[in-house]
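Shown next: upload29.cif, containing mmCIF, C-alpha atoms and all ligand atoms.
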data_final
loop_
_atom_site.label_atom_id
_atom_site.label_comp_id
_atom_site.auth_asym_id
_atom_site.auth_seq_id
_atom_site.Cartn_x
_atom_site.Cartn_y
_atom_site.Cartn_z
CA MET A 1313 -17.98 25.35 9.76
CA ASN A 1314 -14.94 23.40 10.77
CA ALA A 1315 -15.68 19.77 11.56
CA GLN A 1316 -12.31 19.05 13.10
CA LEU A 1317 -11.80 18.63 16.81
CA PRO A 1318 -8.92 20.79 18.02
CA ILE A 1319 -6.19 18.27 17.41
CA ASN A 1320 -3.80 19.90 19.89
CA GLN A 1321 -5.87 18.54 22.75
CA PHE A 1322 -4.62 15.07 21.86
CA LYS A 1323 -1.14 13.84 22.50
CA ILE A 1324 0.75 12.73 19.41
CA LEU A 1325 3.02 9.85 20.39
CA HIS A 1326 4.66 9.41 17.03
CA ALA A 1327 4.61 11.88 14.15
CA THR A 1328 5.76 10.83 10.70
CA GLY A 1329 6.95 14.37 10.02
CA ALA A 1330 5.32 14.45 6.57
CA THR A 1331 5.03 18.07 5.45
CA LEU A 1332 2.68 17.32 2.55
CA THR A 1333 -0.03 14.72 2.12
CA ARG A 1334 0.47 11.76 -0.21
CA PHE A 1335 -1.23 13.85 -2.90
CA GLY A 1336 0.93 16.92 -2.35
CA GLU A 1337 -1.60 18.90 -0.33
CA VAL A 1338 -0.95 20.92 2.82
CA PRO A 1339 -2.01 18.60 5.70
CA ASN A 1340 -4.98 19.63 7.86
CA PHE A 1341 -3.40 17.84 10.83
CA ASN A 1342 -0.17 16.02 11.61
CA GLU A 1343 0.14 12.45 10.45
CA GLY A 1344 0.86 9.91 13.13
CA LEU A 1345 -0.22 8.06 16.24
CA TYR A 1346 -2.52 9.88 18.65
CA GLU A 1347 -3.48 8.93 22.20
CA LEU A 1348 -7.22 9.51 22.60
CA GLY A 1349 -7.71 8.05 26.05
CA LYS A 1350 -6.22 5.44 28.34
CA GLY A 1351 -5.01 2.64 26.08
CA ALA A 1352 -6.95 4.01 23.09
CA TYR A 1353 -5.20 5.28 20.00
CA ALA A 1354 -5.69 6.29 16.39
CA TRP A 1355 -3.29 6.26 13.47
CA MET A 1356 -4.34 9.40 11.59
CA VAL A 1357 -3.49 10.11 7.95
CA PRO A 1358 -4.23 13.57 6.52
CA ASN A 1359 -6.27 14.66 4.58
CA GLY A 1360 -8.46 11.60 4.23
CA SER A 1361 -8.23 11.30 0.44
CA TRP A 1362 -7.81 8.01 -1.46
CA GLY A 1363 -6.09 5.47 0.83
CA GLU A 1364 -5.36 8.13 3.46
CA THR A 1365 -7.04 5.86 5.94
CA ASN A 1366 -7.22 6.07 9.75
CA CYS A 1367 -6.79 2.99 11.93
CA GLY A 1368 -7.48 2.33 15.61
CA LEU A 1369 -5.71 0.55 18.42
CA ILE A 1370 -7.24 -0.49 21.74
CA VAL A 1371 -4.93 -1.85 24.41
CA GLY A 1372 -6.20 -3.98 27.27
CA ASP A 1373 -4.38 -5.93 29.93
CA GLY A 1374 -1.75 -7.93 28.03
CA GLU A 1375 -3.44 -7.80 24.63
CA SER A 1376 -4.59 -5.37 21.96
CA VAL A 1377 -7.00 -5.13 19.07
CA LEU A 1378 -6.14 -3.30 15.87
CA ILE A 1379 -8.93 -1.70 13.87
CA ASP A 1380 -8.15 -1.86 10.15
CA THR A 1381 -4.89 -2.11 8.23
CA LEU A 1382 -3.80 0.03 5.28
CA TRP A 1383 -3.90 -0.08 1.47
CA ASP A 1384 -0.40 -1.49 0.99
CA LEU A 1385 2.32 -3.25 2.92
CA PRO A 1386 4.81 -0.32 3.25
CA TYR A 1387 2.19 1.97 4.82
CA THR A 1388 0.96 -0.82 7.09
CA ARG A 1389 4.57 -1.47 8.20
CA GLN A 1390 5.03 2.25 8.89
CA MET A 1391 2.06 2.14 11.26
CA MET A 1392 3.27 -1.12 12.85
CA SER A 1393 6.63 0.37 13.71
CA ALA A 1394 4.94 3.41 15.29
CA ILE A 1395 2.72 1.25 17.53
CA GLU A 1396 5.46 -1.28 18.34
CA PRO A 1397 6.47 0.33 21.70
CA ILE A 1398 2.83 0.08 22.80
CA VAL A 1399 2.04 -3.43 21.66
CA ASN A 1400 5.25 -5.17 22.68
CA THR A 1401 3.80 -5.83 26.12
CA ALA A 1402 0.21 -6.14 24.84
CA PRO A 1403 0.38 -8.00 21.53
CA ILE A 1404 -2.24 -7.58 18.86
CA ASN A 1405 -4.25 -10.81 19.04
CA THR A 1406 -7.15 -9.53 16.98
CA VAL A 1407 -7.60 -7.39 13.88
CA VAL A 1408 -11.04 -5.98 13.09
CA ASN A 1409 -11.77 -4.84 9.53
CA THR A 1410 -14.55 -2.26 9.34
CA HIS A 1411 -15.36 -3.07 5.70
CA SER A 1412 -14.07 -4.59 2.47
CA ASP A 1413 -12.40 -1.61 0.77
CA GLY A 1414 -8.73 -2.48 0.19
CA ASP A 1415 -7.50 0.63 1.99
CA HIS A 1416 -8.83 -0.88 5.22
CA PHE A 1417 -7.54 -4.44 4.98
CA TRP A 1418 -4.85 -5.06 2.34
CA GLY A 1419 -2.21 -5.00 5.10
CA ASN A 1420 -3.87 -7.95 6.92
CA GLN A 1421 -1.21 -10.48 5.85
CA LEU A 1422 1.27 -8.76 8.19
CA PHE A 1423 -0.84 -10.10 11.08
CA PRO A 1424 -0.67 -13.86 10.58
CA ASN A 1425 -2.17 -16.32 13.06
CA ARG A 1426 -4.44 -13.69 14.55
CA ASP A 1427 -8.20 -13.55 14.70
CA ILE A 1428 -9.29 -11.31 11.83
CA ILE A 1429 -12.89 -10.29 12.39
CA ALA A 1430 -15.36 -8.63 10.02
CA THR A 1431 -19.04 -8.86 9.24
CA GLN A 1432 -20.02 -11.83 7.08
CA ALA A 1433 -21.13 -9.41 4.34
CA CYS A 1434 -17.71 -7.75 4.46
CA LYS A 1435 -15.88 -11.07 4.18
CA ASP A 1436 -17.99 -12.01 1.16
CA MET A 1437 -16.64 -8.94 -0.69
CA MET A 1438 -12.98 -9.13 0.29
CA HIS A 1439 -11.89 -10.68 -3.00
CA HIS A 1440 -13.81 -8.32 -5.26
CA ILE A 1441 -10.78 -6.31 -6.43
CA SER A 1442 -7.25 -7.67 -6.81
CA PRO A 1443 -4.07 -5.74 -5.94
CA LYS A 1444 -2.70 -6.69 -9.39
CA SER A 1445 -5.60 -4.92 -11.08
CA MET A 1446 -4.82 -1.76 -9.10
CA THR A 1447 -1.17 -1.91 -10.20
CA ALA A 1448 -2.34 -2.32 -13.80
CA LEU A 1449 -4.73 0.59 -13.38
CA GLY A 1450 -1.84 2.81 -12.33
CA LYS A 1451 0.29 1.75 -15.32
CA VAL A 1452 -2.47 2.05 -17.92
CA GLY A 1453 -3.57 5.35 -16.37
CA ALA A 1454 -0.05 6.79 -16.58
CA VAL A 1455 0.16 5.93 -20.30
CA ALA A 1456 -3.36 7.23 -21.01
CA SER A 1457 -2.62 10.48 -19.17
CA LYS A 1458 -0.41 11.44 -22.12
CA VAL A 1459 -3.09 10.79 -24.77
CA PRO A 1460 -5.27 13.87 -25.28
CA VAL A 1461 -8.01 12.03 -27.18
CA PHE A 1462 -11.61 11.70 -25.92
CA GLY A 1463 -10.48 12.77 -22.47
CA ALA A 1464 -8.24 9.71 -22.06
CA ASN A 1465 -5.59 11.96 -20.54
CA LYS A 1466 -8.01 13.13 -17.84
CA ILE A 1467 -9.23 9.65 -17.02
CA GLY A 1468 -5.64 8.41 -16.96
CA ASN A 1469 -4.49 11.29 -14.81
CA TRP A 1470 -7.26 10.66 -12.29
CA PHE A 1471 -6.71 6.91 -11.94
CA SER A 1472 -2.91 7.07 -11.95
CA GLY A 1473 -2.99 9.99 -9.50
CA MET A 1474 -5.18 7.94 -7.15
CA VAL A 1475 -2.87 4.94 -6.95
CA LYS A 1476 0.50 6.66 -7.39
CA PRO A 1477 1.34 6.90 -3.65
CA TYR A 1478 0.81 3.16 -3.18
CA ASP A 1479 2.78 -0.01 -3.84
CA TYR A 1480 0.45 -2.99 -4.28
CA SER A 1481 3.20 -5.54 -4.88
CA ASN A 1482 3.35 -8.70 -2.78
CA ILE A 1483 -0.12 -8.25 -1.31
CA ILE A 1484 -1.87 -11.52 -0.60
CA ILE A 1485 -5.55 -10.91 0.05
CA THR A 1486 -6.07 -12.08 3.63
CA PRO A 1487 -9.77 -12.11 4.42
CA ALA A 1488 -11.45 -12.35 7.80
CA ASN A 1489 -11.26 -15.74 9.51
CA LYS A 1490 -14.07 -14.96 11.98
CA THR A 1491 -17.31 -13.24 11.09
CA PHE A 1492 -20.35 -11.83 12.84
CA THR A 1493 -23.69 -10.32 12.03
CA GLN A 1494 -25.43 -7.48 13.88
CA GLU A 1495 -23.28 -7.22 17.00
CA LEU A 1496 -20.34 -8.87 18.69
CA THR A 1497 -18.80 -7.93 22.03
CA LEU A 1498 -15.11 -8.67 22.54
CA ASN A 1499 -13.21 -8.78 25.78
CA VAL A 1500 -9.82 -7.29 25.01
CA GLY A 1501 -7.66 -7.74 28.11
CA GLY A 1502 -10.59 -6.86 30.36
CA ARG A 1503 -12.04 -4.09 28.20
CA GLU A 1504 -15.38 -4.25 26.49
CA VAL A 1505 -15.16 -3.58 22.75
CA VAL A 1506 -18.42 -3.68 20.80
CA LEU A 1507 -18.48 -4.39 17.06
CA MET A 1508 -21.67 -3.13 15.41
CA GLU A 1509 -22.82 -4.03 11.92
CA MET A 1510 -24.43 -1.02 10.23
CA GLY A 1511 -24.31 -1.93 6.53
CA PRO A 1512 -25.15 -2.18 3.78
CA ALA A 1513 -24.45 1.54 3.35
CA HIS A 1514 -20.98 2.72 2.26
CA THR A 1515 -20.24 -0.92 1.36
CA SER A 1516 -22.27 -4.08 1.85
CA GLY A 1517 -20.65 -5.05 5.15
CA ASP A 1518 -19.91 -1.87 7.15
CA ALA A 1519 -19.16 -2.11 10.85
CA MET A 1520 -18.05 0.28 13.57
CA VAL A 1521 -16.17 -0.33 16.80
CA TYR A 1522 -17.31 1.14 20.11
CA LEU A 1523 -15.17 1.49 23.21
CA PRO A 1524 -17.68 2.42 25.93
CA ASP A 1525 -15.18 2.96 28.76
CA SER A 1526 -13.55 5.79 26.75
CA LYS A 1527 -16.66 7.11 24.97
CA LEU A 1528 -14.87 6.50 21.72
CA LEU A 1529 -16.25 5.28 18.39
CA TYR A 1530 -14.19 4.08 15.45
CA THR A 1531 -16.67 4.52 12.63
CA GLY A 1532 -14.80 3.09 9.64
CA ASP A 1533 -15.98 4.73 6.43
CA LEU A 1534 -19.42 5.56 7.79
CA LEU A 1535 -17.73 8.89 8.54
CA PHE A 1536 -15.56 10.96 6.24
CA ILE A 1537 -14.53 14.35 7.62
CA ASP A 1538 -13.83 17.14 5.11
CA SER A 1539 -13.68 14.43 2.47
CA THR A 1540 -16.56 13.33 0.24
CA PRO A 1541 -18.09 9.98 1.24
CA PRO A 1542 -18.71 7.60 -1.67
CA LEU A 1543 -21.82 5.41 -1.74
CA TRP A 1544 -20.55 2.11 -3.15
CA ALA A 1545 -23.44 -0.08 -1.99
CA GLY A 1546 -26.34 1.84 -0.41
CA PRO A 1547 -29.12 2.32 0.33
CA VAL A 1548 -28.31 5.76 1.67
CA GLU A 1549 -31.19 5.44 4.15
CA ASN A 1550 -29.09 2.87 6.02
CA TRP A 1551 -26.20 5.32 6.13
CA ILE A 1552 -28.43 8.01 7.62
CA THR A 1553 -29.75 5.46 10.14
CA ALA A 1554 -26.14 4.63 11.08
CA ILE A 1555 -25.43 8.32 11.62
CA ASP A 1556 -28.54 8.69 13.79
CA ARG A 1557 -27.31 5.74 15.81
CA MET A 1558 -23.91 7.45 16.26
CA LEU A 1559 -25.63 10.57 17.52
CA GLU A 1560 -27.65 8.58 20.08
CA MET A 1561 -24.56 6.90 21.50
CA ASP A 1562 -22.57 8.03 24.51
CA VAL A 1563 -19.52 9.11 22.51
CA ASP A 1564 -17.18 12.10 22.84
CA ILE A 1565 -14.65 11.34 20.11
CA PHE A 1566 -15.41 9.89 16.69
CA VAL A 1567 -12.52 8.45 14.68
CA PRO A 1568 -13.62 8.57 11.03
CA GLY A 1569 -12.30 6.20 8.36
CA HIS A 1570 -10.96 9.26 6.55
CA GLY A 1571 -10.20 12.79 7.76
CA ALA A 1572 -9.78 14.47 11.12
CA LEU A 1573 -11.01 13.39 14.55
CA THR A 1574 -14.41 14.84 15.21
CA ASP A 1575 -17.27 15.28 17.64
CA ARG A 1576 -21.05 15.32 17.08
CA GLN A 1577 -20.76 18.41 14.88
CA GLY A 1578 -18.72 16.52 12.31
CA VAL A 1579 -21.21 13.64 12.39
CA ILE A 1580 -24.10 16.04 11.78
CA ARG A 1581 -22.21 17.52 8.80
CA VAL A 1582 -22.07 14.12 7.12
CA LYS A 1583 -25.79 13.62 7.78
CA ASP A 1584 -26.44 17.07 6.23
CA TYR A 1585 -24.50 16.03 3.14
CA TRP A 1586 -26.48 12.84 2.62
CA GLU A 1587 -29.84 14.49 3.26
CA PHE A 1588 -28.98 17.23 0.78
CA ILE A 1589 -27.80 14.75 -1.86
CA TYR A 1590 -30.77 12.44 -1.31
CA GLU A 1591 -33.23 15.29 -1.79
CA GLU A 1592 -31.47 16.70 -4.85
CA VAL A 1593 -31.08 13.34 -6.55
CA SER A 1594 -34.63 12.08 -5.79
CA ARG A 1595 -36.25 15.19 -7.18
CA ARG A 1596 -34.41 14.93 -10.50
CA ASN A 1597 -34.74 11.16 -10.69
CA LYS A 1598 -38.53 11.52 -10.47
CA LEU A 1599 -38.36 13.73 -13.55
CA GLY A 1600 -36.60 10.93 -15.39
CA MET A 1601 -33.18 12.53 -15.61
CA PRO A 1602 -30.27 10.11 -16.05
CA PRO A 1603 -27.81 9.88 -13.12
CA ALA A 1604 -24.88 11.41 -15.03
CA GLU A 1605 -26.92 14.54 -15.73
CA ILE A 1606 -28.23 14.68 -12.18
CA ALA A 1607 -24.71 14.54 -10.76
CA ARG A 1608 -23.52 17.29 -13.10
CA GLU A 1609 -26.41 19.56 -12.24
CA ILE A 1610 -25.76 19.19 -8.52
CA LEU A 1611 -21.98 19.53 -8.79
CA PHE A 1612 -22.15 22.66 -10.95
CA GLY A 1613 -25.13 24.17 -9.12
CA SER A 1614 -24.74 26.89 -6.52
CA ASP A 1615 -26.17 24.99 -3.53
CA ILE A 1616 -23.35 22.48 -3.11
CA GLU A 1617 -20.83 25.32 -3.09
CA ARG A 1618 -22.88 27.46 -0.71
CA LEU A 1619 -23.15 24.53 1.70
CA GLY A 1620 -19.36 24.12 1.64
CA PHE A 1621 -19.33 20.59 0.25
CA LEU A 1622 -17.17 21.49 -2.75
CA LYS A 1623 -14.36 22.21 -0.32
CA TRP A 1624 -14.36 18.59 0.76
CA ASP A 1625 -11.75 16.34 -0.81
CA SER A 1626 -12.84 14.61 -4.06
CA PRO A 1627 -16.36 16.10 -4.53
CA GLU A 1628 -16.64 14.26 -7.86
CA ARG A 1629 -17.34 11.08 -5.88
CA LEU A 1630 -20.91 12.30 -6.02
CA PHE A 1631 -20.98 10.99 -9.60
CA LEU A 1632 -20.79 7.32 -8.58
CA SER A 1633 -22.97 7.91 -5.50
CA THR A 1634 -25.70 9.36 -7.74
CA HIS A 1635 -25.67 6.25 -9.92
CA VAL A 1636 -26.03 4.02 -6.86
CA LEU A 1637 -28.73 6.22 -5.34
CA CYS A 1638 -30.78 6.19 -8.56
CA LYS A 1639 -30.47 2.42 -8.78
CA HIS A 1640 -32.04 2.12 -5.32
CA LEU A 1641 -34.65 4.81 -6.01
CA ASN A 1642 -35.70 2.95 -9.16
CA GLY A 1643 -36.20 -0.34 -7.33
CA GLU A 1644 -33.03 -1.94 -8.68
CA GLY A 1645 -31.10 -1.86 -5.43
CA ASP A 1646 -30.48 -5.60 -5.56
CA LYS A 1647 -29.02 -5.43 -9.04
CA HIS A 1648 -25.32 -6.14 -8.74
CA GLN A 1649 -23.08 -3.77 -10.65
CA SER A 1650 -20.26 -5.62 -12.36
CA THR A 1651 -16.67 -4.43 -11.91
CA PRO A 1652 -16.49 -3.21 -15.57
CA GLU A 1653 -19.70 -1.21 -15.01
CA VAL A 1654 -18.22 0.41 -11.91
CA PHE A 1655 -14.96 1.21 -13.74
CA SER A 1656 -16.91 2.74 -16.59
CA ILE A 1657 -18.70 5.05 -14.13
CA LEU A 1658 -15.41 5.86 -12.38
CA SER A 1659 -13.78 6.71 -15.73
CA LYS A 1660 -16.49 9.28 -16.41
CA GLN A 1661 -16.07 10.50 -12.84
CA GLY A 1662 -12.33 10.98 -13.45
CA LYS A 1663 -13.01 13.00 -16.56
CA LEU A 1664 -15.56 15.12 -14.74
CA ALA A 1665 -13.06 15.79 -11.92
CA HIS A 1666 -11.04 17.89 -14.36
CA GLU A 1667 -13.96 20.30 -14.71
CA LEU A 1668 -13.39 21.08 -11.01
CA PRO A 1669 -9.77 22.27 -11.16
CA LEU A 1670 -9.89 24.08 -7.82
CA CYS A 1671 -10.97 20.95 -5.93
CA ARG A 1672 -8.66 18.72 -3.95
CA PRO A 1673 -6.50 16.81 -4.32
CA ARG A 1674 -5.35 19.18 -7.05
CA CYS A 1675 -3.20 16.55 -8.77
CA MET A 1676 -6.35 14.53 -9.60
CA HIS A 1677 -8.28 17.57 -10.86
CA ARG A 1678 -5.71 19.19 -13.16
CA LEU A 1679 -3.48 17.93 -15.93
CA LYS A 1680 0.18 18.62 -15.41
CA HIS A 1681 0.67 20.07 -18.90
ZN ZN A 1701 -11.71 3.97 3.07
#

As a first step, turn the structure in this file into structure tokens.
Ligand SMILES: [Zn+2]
Amino acid sequence: MNAQLPINQFKILHATGATLTRFGEVPNFNEGLYELGKGAYAWMVPNGSWGETNCGLIVGDGESVLIDTLWDLPYTRQMMSAIEPIVNTAPINTVVNTHSDGDHFWGNQLFPNRDIIATQACKDMMHHISPKSMTALGKVGAVASKVPVFGANKIGNWFSGMVKPYDYSNIIITPANKTFTQELTLNVGGREVVLMEMGPAHTSGDAMVYLPDSKLLYTGDLLFIDSTPPLWAGPVENWITAIDRMLEMDVDIFVPGHGALTDRQGVIRVKDYWEFIYEEVSRRNKLGMPPAEIAREILFGSDIERLGFLKWDSPERLFLSTHVLCKHLNGEGDKHQSTPEVFSILSKQGKLAHELPLCRPRCMHRLKH
């Protein structure tokens, strides 16, 4: 089943003209700025892999709100120049960050002296990874990718492939300067814009942005379309609750954090994924299997392929999600995983990715030599 809305029904105001994605894949849709309704836009980046993040723009009378910035300054500037003709008469006074992953807010510094709004829980996490450490990860990964010992080449290839399209230099972490919990309604030049806290789920401080007058919902990373959602924080029950909430809302178009525009069908697909994973992981966890084995059994089993989830970008993300799920299932949901612990899990995940050479993006699943 295809979870994409027919993209041709939307007007593309500015196309970047990219013929391949940042990871060298054939794009599922054109990259650029789409008009989704009156004064409602999305900056869409195919195919929703690492850092291929979608942003939103809502324009009211004389002012605008931007939903999320991008993972580096050059890509954020590219989006800014595309929206410039729209916002020159309705300046962006407010930036909303849907959560604390760098690919949704590391471009914030290009919007000085604005209100930058996020949930309090999101703000608390905005310093958890530094841009310098991502640059280092790319460099170390590139060196390791040439060392065929203990899978170092695979781990290196995966990490360096992930960050290769990005330039993290000169980024100054610019966190939110206004926070909310639960819900906050903004008046953006006469339009009602509702910010809704739904986390902890994907991350600890997830929020989505609802534009009732256009029946439009910017979901942040609570939706990935044709791309595998990673569970960084959990519990997954909250994620499923967030999806149920989306399905109850009066919404025609969902703008996911990653992947194509979608309707309710795409939302239901993500719910199907999490219900399937929850069931598969819980059953094995009860038997005392360790998370790494659980993830392998699911990934190399026939069900995940039959259900079409292996076709989603980066299916190996299930490896980290399984660790987080088991932590919650075993009553250790409050236990904070340190950054080295997370990187250790991600290293194993990168190695595992190379056992899935047909999965996308191909450059992160296959060695070049
Ligand atoms: Zn993201």

>> Please identify all protein, DNA and RNA residues within 12 Å of ligand ZN 1701 (chain A), counting only C-alpha atoms and all ligand atoms, and report them as a VMD selection string.
In response: chain A and resid 1357 1360 to 1367 1380 to 1383 1409 to 1418 1514 to 1515 1518 1531 to 1537 1539 to 1544 1568 to 1571

> Residues at most 12 Å from Thr1553 of chain A, counting all atoms listed in the file, excluding those fewer than 2 positions away in the same chain, as a PyMOL selection string?
Replying inline: chain A and resi 1509-1513+1534+1546-1551+1555-1560+1582-1583+1586-1587

>> Please determine, counting all atoms listed in the file, which residue among A:Tyr1353, A:Phe1335, A:Tyr1346, A:Phe1588 has the shortest atom-to-atom distance to Leu1529 of chain A.
In response: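 Looking at the shortest contact to Leu1529 of chain A, the residue is A:Tyr1353.
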
If you count all atoms listed in the file, which residues fall within 7 Å of segment 1646-1662 of chain A, apart from same-chain ones fewer than 2 positions away, as a short mmCIF file (atom, residue, chain, number, x, y, z; two decimals) with C-alpha atoms, keeping the file's coordinate frame?
data_model
loop_
_atom_site.label_atom_id
_atom_site.label_comp_id
_atom_site.auth_asym_id
_atom_site.auth_seq_id
_atom_site.Cartn_x
_atom_site.Cartn_y
_atom_site.Cartn_z
CA LYS A 1466 -8.01 13.13 -17.84
CA ILE A 1467 -9.23 9.65 -17.02
CA TRP A 1470 -7.26 10.66 -12.29
CA GLU A 1628 -16.64 14.26 -7.86
CA PHE A 1631 -20.98 10.99 -9.60
CA LEU A 1632 -20.79 7.32 -8.58
CA GLU A 1644 -33.03 -1.94 -8.68
CA LEU A 1664 -15.56 15.12 -14.74
CA ALA A 1665 -13.06 15.79 -11.92
#

>> I want to know what sits within 7 Å of Pro1669 of chain A, based on all atoms listed in the file, with residues of the same chain fewer than 4 positions away left out; could you give that as a ChimeraX atom specification?
In response: /A:1674,1677-1678

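Atom CA of Phe1341 of chain A lies 28.2 Å from atom CA of Pro1403 of chain A.
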
Distance query 7 Å from (6.0, 11.5, 9.7) using all atoms listed in the file, result as a tab-separated table (two decimals) with C-alpha atoms, keeping the file's coordinate frame:
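Final output, selection_38.tsv:
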chain	number	residue	atom	x	y	z
A	1327	ALA	CA	4.61	11.88	14.15
A	1328	THR	CA	5.76	10.83	10.70
A	1329	GLY	CA	6.95	14.37	10.02
A	1330	ALA	CA	5.32	14.45	6.57
A	1343	GLU	CA	0.14	12.45	10.45
A	1344	GLY	CA	0.86	9.91	13.13

> Which residues come within 9 Å of Ser1594 of chain A, counting all atoms listed in the file, excluding same-chain residues fewer than 6 positions away, as a list in words?
Replying inline: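 Once the adjacent positions are removed, what remains is Leu1637, Cys1638 and Leu1641 of chain A.
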
> For Thr1497 of chain A, which residue out of A:Val1408, A:Met1438, A:Val1461, A:Ala1454 is the nearest one, using only C-alpha atoms?
Replying inline: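 Closest to Thr1497 of chain A, using only C-alpha atoms: A:Val1408.
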
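The space separating atom CA of Ile1379 of chain A from atom CA of Leu1622 of chain A comes to 29.7 Å.
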
>> Ranking A:Asn1400, A:Thr1431, A:Gln1390, A:Thr1331 by minimum distance to Glu1495 of chain A and counting only C-alpha atoms, which one comes first?
In response: A:Thr1431

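Across the model, the gap from atom CA of Tyr1585 of chain A to atom CA of Leu1630 of chain A is 10.5 Å.
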
>> I need the residue nearest Tyr1478 of chain A from this list: A:Leu1385, A:Ile1398, A:Ala1554, A:Leu1679. Use only C-alpha atoms for the distance.
In response: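 Ranking A:Leu1385, A:Ile1398, A:Ala1554, A:Leu1679 by distance to Tyr1478 of chain A, first place goes to A:Leu1385.
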
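Minimum distance to Arg1595 of chain A across A:Ile1610, A:Pro1424, A:Ser1376, A:Asn1499 (counting all atoms listed in the file) occurs at A:Ile1610.
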
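Minimum atom-to-atom distance to Ser1516 of chain A, evaluated using only C-alpha atoms, belongs to A:Ala1430 out of A:Leu1611, A:Leu1325, A:Ala1430, A:Ala1604.
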
How about completing segment 1435-1440 of chain A with all heavy atoms and giving it to me as a JSON list (two decimals), keeping the file's coordinate frame?
[["chain", "number", "residue", "atom", "x", "y", "z"],
["A", 1435, "LYS", "N", -16.75, -9.97, 4.63],
["A", 1435, "LYS", "CA", -15.88, -11.07, 4.18],
["A", 1435, "LYS", "C", -16.25, -11.51, 2.77],
["A", 1435, "LYS", "O", -15.36, -11.78, 1.94],
["A", 1435, "LYS", "CB", -16.00, -12.25, 5.16],
["A", 1435, "LYS", "CG", -15.03, -13.35, 4.80],
["A", 1435, "LYS", "CD", -15.17, -14.59, 5.62],
["A", 1435, "LYS", "CE", -14.16, -15.62, 5.11],
["A", 1435, "LYS", "NZ", -14.25, -16.89, 5.82],
["A", 1436, "ASP", "N", -17.53, -11.56, 2.48],
["A", 1436, "ASP", "CA", -17.99, -12.01, 1.16],
["A", 1436, "ASP", "C", -17.46, -11.12, 0.02],
["A", 1436, "ASP", "O", -17.44, -11.53, -1.12],
["A", 1436, "ASP", "CB", -19.53, -12.01, 1.10],
["A", 1436, "ASP", "CG", -20.13, -13.06, 2.01],
["A", 1436, "ASP", "OD1", -19.39, -13.97, 2.44],
["A", 1436, "ASP", "OD2", -21.35, -12.99, 2.30],
["A", 1437, "MET", "N", -17.08, -9.89, 0.35],
["A", 1437, "MET", "CA", -16.64, -8.94, -0.69],
["A", 1437, "MET", "C", -15.12, -8.75, -0.72],
["A", 1437, "MET", "O", -14.61, -7.97, -1.52],
["A", 1437, "MET", "CB", -17.29, -7.56, -0.44],
["A", 1437, "MET", "CG", -18.74, -7.48, -0.79],
["A", 1437, "MET", "SD", -19.00, -7.68, -2.57],
["A", 1437, "MET", "CE", -18.51, -6.05, -3.16],
["A", 1438, "MET", "N", -14.40, -9.46, 0.14],
["A", 1438, "MET", "CA", -12.98, -9.13, 0.29],
["A", 1438, "MET", "C", -12.12, -9.50, -0.93],
["A", 1438, "MET", "O", -10.99, -9.03, -1.06],
["A", 1438, "MET", "CB", -12.42, -9.73, 1.58],
["A", 1438, "MET", "CG", -12.81, -8.88, 2.79],
["A", 1438, "MET", "SD", -12.29, -9.63, 4.35],
["A", 1438, "MET", "CE", -11.82, -8.18, 5.31],
["A", 1439, "HIS", "N", -12.67, -10.32, -1.80],
["A", 1439, "HIS", "CA", -11.89, -10.68, -3.00],
["A", 1439, "HIS", "C", -12.35, -9.90, -4.23],
["A", 1439, "HIS", "O", -11.95, -10.23, -5.34],
["A", 1439, "HIS", "CB", -12.00, -12.19, -3.27],
["A", 1439, "HIS", "CG", -11.09, -12.99, -2.37],
["A", 1439, "HIS", "ND1", -9.74, -13.08, -2.57],
["A", 1439, "HIS", "CD2", -11.35, -13.71, -1.25],
["A", 1439, "HIS", "CE1", -9.20, -13.83, -1.63],
["A", 1439, "HIS", "NE2", -10.16, -14.23, -0.81],
["A", 1440, "HIS", "N", -13.18, -8.88, -4.07],
["A", 1440, "HIS", "CA", -13.81, -8.32, -5.26],
["A", 1440, "HIS", "C", -12.87, -7.50, -6.14],
["A", 1440, "HIS", "O", -13.15, -7.31, -7.31],
["A", 1440, "HIS", "CB", -15.10, -7.54, -4.91],
["A", 1440, "HIS", "CG", -14.89, -6.18, -4.32],
["A", 1440, "HIS", "ND1", -14.20, -5.98, -3.15],
["A", 1440, "HIS", "CD2", -15.27, -4.95, -4.74],
["A", 1440, "HIS", "CE1", -14.17, -4.68, -2.88],
["A", 1440, "HIS", "NE2", -14.81, -4.04, -3.84]]
